[in-house]
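Shown here: run27.tsv, TSV, C-alpha atoms and all ligand atoms.
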```tsv
chain	number	residue	atom	x	y	z
A	926	MET	CA	0.00	0.00	0.00
A	927	THR	CA	1.38	3.39	-0.96
A	928	GLU	CA	0.61	6.57	0.93
A	929	LEU	CA	0.90	9.99	-0.65
A	930	LEU	CA	3.46	12.18	1.13
A	931	LEU	CA	4.28	15.03	-1.26
A	932	ASN	CA	2.08	16.31	-4.04
A	933	LEU	CA	3.01	19.03	-6.52
A	934	GLU	CA	0.30	20.34	-8.83
A	935	ASN	CA	0.90	22.80	-11.64
A	936	VAL	CA	3.81	24.49	-9.83
A	937	HIS	CA	5.34	27.55	-11.49
A	938	THR	CA	8.49	29.32	-10.30
A	939	HIS	CA	9.91	32.54	-11.69
A	940	ILE	CA	13.47	33.58	-10.96
A	941	GLY	CA	13.71	37.26	-11.87
A	942	LEU	CA	12.40	37.51	-15.40
A	943	TYR	CA	12.82	33.81	-16.10
A	944	HIS	CA	9.91	31.41	-15.97
A	945	ILE	CA	11.79	28.31	-14.77
A	946	LEU	CA	9.15	25.84	-13.54
A	947	GLN	CA	6.23	25.87	-15.95
A	948	GLY	CA	3.61	23.67	-14.36
A	949	VAL	CA	5.47	20.95	-12.47
A	950	GLY	CA	3.28	18.15	-11.14
A	951	PHE	CA	4.25	14.83	-9.57
A	952	ARG	CA	3.78	12.82	-6.39
A	953	ALA	CA	6.16	11.22	-3.92
A	954	GLN	CA	4.88	8.35	-1.81
A	955	ARG	CA	5.77	7.74	1.81
A	956	ASN	CA	8.71	5.43	2.53
A	957	ARG	CA	9.85	5.33	-1.08
A	958	ILE	CA	12.76	6.84	-2.95
A	959	THR	CA	11.45	9.06	-5.74
A	960	LEU	CA	13.96	10.09	-8.38
A	961	LEU	CA	13.72	13.49	-10.03
A	962	LEU	CA	15.67	13.09	-13.26
A	963	GLY	CA	16.43	15.48	-16.09
A	964	ARG	CA	19.13	17.09	-18.15
A	965	ASN	CA	21.30	19.94	-16.89
A	966	GLY	CA	19.20	23.05	-16.49
A	967	ALA	CA	15.89	21.18	-16.67
A	968	GLY	CA	14.73	22.58	-13.31
A	969	LYS	CA	15.58	19.86	-10.78
A	970	THR	CA	17.32	22.07	-8.21
A	971	THR	CA	14.67	24.76	-8.71
A	972	THR	CA	12.01	22.16	-7.90
A	973	LEU	CA	13.74	21.17	-4.64
A	974	ARG	CA	14.27	24.81	-3.68
A	975	THR	CA	10.64	25.63	-4.45
A	976	ILE	CA	9.41	22.75	-2.25
A	977	MET	CA	11.68	24.01	0.53
A	978	GLY	CA	10.34	27.58	0.17
A	979	LEU	CA	13.75	28.92	-0.89
A	980	TRP	CA	12.24	30.13	-4.19
A	981	PRO	CA	8.61	31.19	-3.97
A	982	ALA	CA	6.19	29.29	-6.22
A	983	SER	CA	4.35	31.90	-8.28
A	984	LYS	CA	1.45	29.54	-8.93
A	985	GLY	CA	0.32	26.01	-8.10
A	986	ARG	CA	-0.03	23.80	-5.08
A	987	ILE	CA	2.44	21.81	-3.01
A	988	SER	CA	1.14	19.68	-0.19
A	989	PHE	CA	3.21	17.73	2.29
A	990	ALA	CA	1.47	15.10	4.44
A	991	GLY	CA	-1.81	16.81	3.60
A	992	THR	CA	-0.66	20.34	4.54
A	993	ASP	CA	-0.36	23.10	1.91
A	994	ILE	CA	3.16	24.48	2.09
A	995	VAL	CA	3.30	27.12	-0.67
A	996	GLY	CA	3.85	30.51	0.94
A	997	ARG	CA	5.31	29.09	4.16
A	998	SER	CA	8.81	30.01	5.29
A	999	THR	CA	11.67	27.54	4.91
A	1000	SER	CA	11.93	27.14	8.68
A	1001	GLU	CA	8.23	26.30	8.91
A	1002	ILE	CA	8.59	23.77	6.10
A	1003	SER	CA	11.58	22.24	7.85
A	1004	ARG	CA	9.60	22.03	11.10
A	1005	LEU	CA	6.85	20.19	9.26
A	1006	GLY	CA	9.41	17.44	8.57
A	1007	ILE	CA	11.31	18.14	5.35
A	1008	ALA	CA	15.10	18.42	5.23
A	1009	TYR	CA	17.15	19.63	2.27
A	1010	VAL	CA	20.67	18.48	1.39
A	1011	PRO	CA	21.77	20.96	-1.29
A	1012	GLU	CA	24.24	20.15	-4.03
A	1013	ASN	CA	26.90	22.33	-2.38
A	1014	MET	CA	26.11	20.41	0.85
A	1015	GLY	CA	25.58	23.57	2.91
A	1016	ILE	CA	28.11	22.68	5.59
A	1017	PHE	CA	30.24	25.21	7.48
A	1018	PRO	CA	33.86	24.47	6.56
A	1019	ASP	CA	35.48	26.28	9.48
A	1020	LEU	CA	33.34	24.57	12.10
A	1021	SER	CA	34.00	21.07	13.37
A	1022	VAL	CA	31.78	18.20	12.32
A	1023	LYS	CA	30.34	18.26	15.85
A	1024	GLU	CA	29.50	21.98	15.58
A	1025	ASN	CA	27.95	21.40	12.16
A	1026	MET	CA	25.73	18.72	13.68
A	1027	LEU	CA	24.80	20.92	16.64
A	1028	LEU	CA	23.80	23.80	14.36
A	1029	ALA	CA	21.51	21.46	12.46
A	1030	ALA	CA	19.79	20.29	15.65
A	1031	ARG	CA	17.24	22.98	16.45
A	1032	ASN	CA	16.72	21.91	20.03
A	1033	ALA	CA	20.30	21.15	21.04
A	1034	SER	CA	23.00	23.50	22.25
A	1035	ARG	CA	25.21	20.65	23.57
A	1036	VAL	CA	25.86	17.21	22.19
A	1037	THR	CA	24.18	15.71	25.24
A	1038	ASP	CA	20.95	17.48	24.16
A	1039	ILE	CA	20.88	15.34	21.01
A	1040	ASP	CA	19.00	12.06	21.32
A	1041	GLN	CA	21.95	9.71	21.99
A	1042	GLN	CA	20.33	6.69	20.40
A	1043	ARG	CA	19.76	8.71	17.26
A	1044	LEU	CA	23.35	9.93	17.29
A	1045	GLU	CA	24.66	6.34	17.60
A	1046	TRP	CA	22.45	5.36	14.67
A	1047	ILE	CA	23.83	8.29	12.63
A	1048	PHE	CA	27.40	7.23	13.49
A	1049	GLU	CA	26.62	3.71	12.24
A	1050	LEU	CA	25.08	5.05	9.06
A	1051	PHE	CA	27.85	7.59	8.40
A	1052	PRO	CA	31.04	6.44	10.18
A	1053	ALA	CA	32.94	9.51	8.88
A	1054	VAL	CA	30.82	11.71	11.15
A	1055	HIS	CA	32.09	9.85	14.21
A	1056	GLN	CA	35.63	9.49	12.92
A	1057	PHE	CA	36.09	13.21	12.18
A	1058	TRP	CA	33.86	14.55	14.97
A	1059	ASN	CA	36.32	17.23	16.12
A	1060	ARG	CA	37.89	17.98	12.73
A	1061	PRO	CA	36.95	21.15	10.76
A	1062	ALA	CA	34.40	19.99	8.19
A	1063	GLY	CA	36.27	21.85	5.44
A	1064	LYS	CA	39.24	19.49	5.85
A	1065	LEU	CA	37.20	16.40	4.96
A	1066	SER	CA	37.16	14.75	1.53
A	1067	GLY	CA	34.20	15.32	-0.81
A	1068	GLY	CA	32.63	11.99	0.14
A	1069	GLN	CA	33.08	12.61	3.87
A	1070	LYS	CA	31.55	16.09	3.55
A	1071	GLN	CA	28.56	14.59	1.74
A	1072	MET	CA	28.12	12.11	4.62
A	1073	VAL	CA	28.18	15.02	7.11
A	1074	ALA	CA	25.63	16.91	4.99
A	1075	MET	CA	23.29	13.91	5.00
A	1076	ALA	CA	23.87	13.34	8.73
A	1077	ARG	CA	22.93	16.97	9.44
A	1078	ALA	CA	19.67	16.46	7.61
A	1079	ILE	CA	18.65	13.58	9.87
A	1080	VAL	CA	19.97	14.81	13.22
A	1081	GLU	CA	16.30	15.28	14.07
A	1082	PRO	CA	13.61	12.95	12.77
A	1083	ARG	CA	12.45	14.07	9.32
A	1084	GLU	CA	9.84	12.44	7.17
A	1085	LEU	CA	11.16	13.57	3.81
A	1086	LEU	CA	14.70	14.26	2.64
A	1087	LEU	CA	15.31	16.31	-0.51
A	1088	ILE	CA	18.79	15.32	-1.68
A	1089	ASP	CA	20.47	17.08	-4.62
A	1090	GLU	CA	23.10	15.09	-6.53
A	1091	PRO	CA	24.87	13.43	-3.59
A	1092	SER	CA	27.21	11.47	-5.85
A	1093	LYS	CA	28.58	14.47	-7.74
A	1094	GLY	CA	32.37	14.27	-7.98
A	1095	LEU	CA	32.62	11.19	-5.76
A	1096	ALA	CA	34.65	8.01	-6.39
A	1097	PRO	CA	32.59	4.89	-7.28
A	1098	ALA	CA	33.30	3.19	-3.92
A	1099	ILE	CA	31.94	6.21	-2.06
A	1100	VAL	CA	28.90	6.29	-4.33
A	1101	ASN	CA	28.22	2.68	-3.23
A	1102	ASN	CA	28.35	3.77	0.43
A	1103	MET	CA	25.92	6.55	-0.40
A	1104	ALA	CA	23.49	4.10	-2.00
A	1105	GLU	CA	23.71	1.81	1.03
A	1106	ALA	CA	23.10	4.72	3.41
A	1107	MET	CA	20.04	5.86	1.46
A	1108	LEU	CA	18.58	2.35	1.43
A	1109	LYS	CA	19.13	2.09	5.19
A	1110	LEU	CA	17.44	5.47	5.67
A	1111	LYS	CA	14.47	4.16	3.72
A	1112	GLN	CA	14.41	1.00	5.85
A	1113	SER	CA	14.23	3.24	8.90
A	1114	GLY	CA	11.01	4.78	7.53
A	1115	ALA	CA	12.34	7.89	5.75
A	1116	SER	CA	11.16	8.99	2.32
A	1117	ILE	CA	13.56	10.57	-0.15
A	1118	LEU	CA	13.19	12.81	-3.19
A	1119	LEU	CA	16.50	12.38	-4.96
A	1120	VAL	CA	18.01	14.39	-7.80
A	1121	GLU	CA	20.69	12.20	-9.28
A	1122	GLN	CA	22.54	12.18	-12.60
A	1123	ASN	CA	24.49	9.03	-11.76
A	1124	LEU	CA	22.22	6.45	-13.35
A	1125	GLN	CA	23.87	3.55	-11.56
A	1126	LEU	CA	23.05	5.06	-8.17
A	1127	ALA	CA	19.61	6.12	-9.35
A	1128	ARG	CA	18.82	2.60	-10.55
A	1129	GLU	CA	20.11	1.03	-7.37
A	1130	VAL	CA	17.97	3.04	-4.99
A	1131	GLY	CA	15.02	4.48	-6.94
A	1132	ASP	CA	11.46	3.21	-6.56
A	1133	ASP	CA	9.65	5.82	-8.63
A	1134	VAL	CA	10.69	8.35	-11.22
A	1135	ALA	CA	9.61	11.81	-12.30
A	1136	ILE	CA	11.40	13.19	-15.36
A	1137	ILE	CA	11.56	16.95	-15.81
A	1138	ASP	CA	12.39	18.63	-19.09
A	1139	ALA	CA	12.45	22.40	-19.65
A	1140	GLY	CA	10.51	23.10	-16.46
A	1141	ARG	CA	7.74	20.52	-17.03
A	1142	ILE	CA	7.28	16.94	-15.88
A	1143	VAL	CA	7.27	14.74	-18.97
A	1144	HIS	CA	7.06	11.28	-17.39
A	1145	THR	CA	6.22	9.67	-14.06
A	1146	GLY	CA	6.14	6.00	-13.15
A	1147	PRO	CA	7.93	3.09	-11.50
A	1148	ALA	CA	11.74	3.27	-11.74
A	1149	ASP	CA	12.28	-0.20	-13.24
A	1150	GLU	CA	9.81	0.55	-16.01
A	1151	CYS	CA	11.50	3.89	-16.75
A	1152	PHE	CA	15.00	2.43	-16.86
A	1153	ALA	CA	13.82	-0.18	-19.37
A	1154	ARG	CA	12.58	2.58	-21.71
A	1155	ASP	CA	15.41	3.53	-24.03
A	1156	ASP	CA	13.18	6.15	-25.71
A	1157	LEU	CA	12.58	8.03	-22.42
A	1158	LEU	CA	16.22	7.99	-21.43
A	1159	LYS	CA	17.33	9.14	-24.88
A	1160	THR	CA	14.71	11.83	-25.39
A	1161	HIS	CA	14.65	13.42	-21.97
A	1162	LEU	CA	17.97	12.56	-20.40
A	1163	GLY	CA	20.12	12.36	-23.51
A	1164	LEU	CA	21.33	8.91	-22.50
A	1165	ALA	CA	21.68	5.61	-24.25
A	1166	LEU	CA	20.47	2.64	-22.24
A	1167	CYS	CA	23.24	0.90	-20.31
A	1168	PRO	CA	23.69	-2.79	-21.17
B	1	LIG	N1	19.54	32.25	-9.73
B	1	LIG	C1	19.17	32.05	-10.99
B	1	LIG	N2	18.99	33.08	-11.84
B	1	LIG	C2	18.61	32.88	-13.13
B	1	LIG	N3	18.40	31.68	-13.66
B	1	LIG	C3	18.56	30.61	-12.86
B	1	LIG	C4	18.95	30.72	-11.49
B	1	LIG	N4	19.04	29.48	-10.96
B	1	LIG	C5	18.73	28.64	-11.96
B	1	LIG	N5	18.46	29.32	-13.09
B	1	LIG	C6	18.09	28.73	-14.40
B	1	LIG	O1	16.99	27.88	-14.19
B	1	LIG	C7	17.07	26.74	-15.01
B	1	LIG	C8	16.93	25.52	-14.14
B	1	LIG	O2	18.04	25.43	-13.25
B	1	LIG	P1	18.19	24.27	-12.18
B	1	LIG	O3	19.42	24.56	-11.38
B	1	LIG	O4	16.91	24.09	-11.48
B	1	LIG	O5	18.43	23.03	-13.15
B	1	LIG	P2	18.91	21.56	-12.80
B	1	LIG	O6	17.96	20.66	-13.52
B	1	LIG	O7	19.04	21.39	-11.35
B	1	LIG	O8	20.28	21.53	-13.54
B	1	LIG	P3	21.75	21.08	-13.07
B	1	LIG	O9	21.74	19.61	-13.18
B	1	LIG	O10	22.60	21.73	-14.10
B	1	LIG	O11	21.95	21.59	-11.68
B	1	LIG	C9	18.39	26.84	-15.75
B	1	LIG	O12	18.14	27.34	-17.04
B	1	LIG	C10	19.17	27.81	-14.94
B	1	LIG	O13	20.07	28.53	-15.75
```

Let me see the structure of the file written as structure tokens.
Ligand SMILES: Nc1ncnc2c1ncn2[C@@H]1O[C@H](COP(=O)(O)OP(=O)(O)OP(=O)(O)O)[C@@H](O)[C@H]1O
Amino acid sequence: MTELLLNLENVHTHIGLYHILQGVGFRAQRNRITLLLGRNGAGKTTTLRTIMGLWPASKGRISFAGTDIVGRSTSEISRLGIAYVPENMGIFPDLSVKENMLLAARNASRVTDIDQQRLEWIFELFPAVHQFWNRPAGKLSGGQKQMVAMARAIVEPRELLLIDEPSKGLAPAIVNNMAEAMLKLKQSGASILLVEQNLQLAREVGDDVAIIDAGRIVHTGPADECFARDDLLKTHLGLALCP
């Protein structure tokens, strides 16, 4: 049984004079990994930022767990249970990993304020967070920083994670760790809306797919069906089907 978690209907976003999202509509179900795929510049990041209230939707409806969220502030949207892991990861390079985690925890000013069981679980999921706890986050490798960025997003329970291209620039072994971590997050009950250009990672973790092209959704459906459709991948992603 699927349960609707996020619903976008006819969402438009203007950035300055540019009409970037031109009627985006798709659904993400609870406890599934929904892939948002598309070419460079198609509007994937703009979609995540619009959901998060970082760009205002100029028209349309976005509902999260039955609540309309268009027009709400980013902090309200985050309080409702959505976390955003941006492509640039949004971590503070001069602060330690610990301080980065503390800043992400709204109700904690000391580590002991963080739910210890949750912290242990995060350490298991992302060992780099534990290993480099007192190290400035800026000194970590790209993969380690990405782990810290994901860990920050789940320092408090969140129902939906919006994750933008977590594999960008990472070595294949690290991409595998990322896939494992996302599948474990899903097992723990989280839902993920994932922007990912690495088709191997997308195929490994994705349950459902929405394809965006020039600011409009051009296909939605189950991931396995989509990845078997050479025509879709070629037309909208510019890719030839992998063997
Ligand atoms: N701040 C901005 N000002 C003007 N145009 C913008 C801005 N941000 C994004 N755009 C434009 O909006 C369109 C969609 O960008 P967006 O970043 O959402 O695409 P994307 O699908 O995430 O692509 P990429 O994979 O390259 O990150 C692009 O044409 C981009 O140039």

Tell me, as a count of residues only, which residues lie within 12 Å of A:Glu1129, counting only C-alpha atoms; anything in the same chain fewer than 6 positions away does not count. 17

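Distance annotation: of A:Ile976, A:Leu942, A:Ile1099, A:Leu1027, the residue with the minimal separation from ligand LIG 1 (chain B) is A:Leu942; atom set is only C-alpha atoms and all ligand atoms.
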
List every protein, DNA or RNA residue that has an atom no more than 8 Å from (14.4, 17.9, -25.0) in the file's coordinate frame, counting only C-alpha atoms, and report them as a ChimeraX atom specification. /A:1138-1139,1160-1162

Please identify the residues whose atoms come within 7 Å of ligand LIG 1 (chain B), using only C-alpha atoms and all ligand atoms, and report them as a ChimeraX atom specification. /A:940-941,943,945,963-972

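Put simply, atom CA of A:Ala1030 is 25.5 Å away from atom CA of A:Ile987.
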
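If all atoms listed in the file are the atoms counted, then among A:Val949, A:Leu1050, A:Leu1065, A:Ile1007 the closest residue to A:Leu1020 is A:Leu1065.
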
Counting only C-alpha atoms, which residues have an atom no more than 12 Å from (11.0, 19.6, 9.5) in the file's coordinates? Please list them as a ChimeraX atom specification. /A:977,989-990,994,998-1009,1029-1031,1078-1087

Can you pull out every residue within 8 Å of A:Gly1063, counting only C-alpha atoms, but drop anything in the same chain fewer than 5 positions away, and send it as a ChimeraX atom specification? /A:1017-1020,1070

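A straight line drawn from atom CA of A:Pro1011 to atom CA of A:Lys1159 is 26.8 Å long.
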
Atom pair atom CA of A:Leu1119 + atom CA of A:Ile1088, distance 5.0 Å
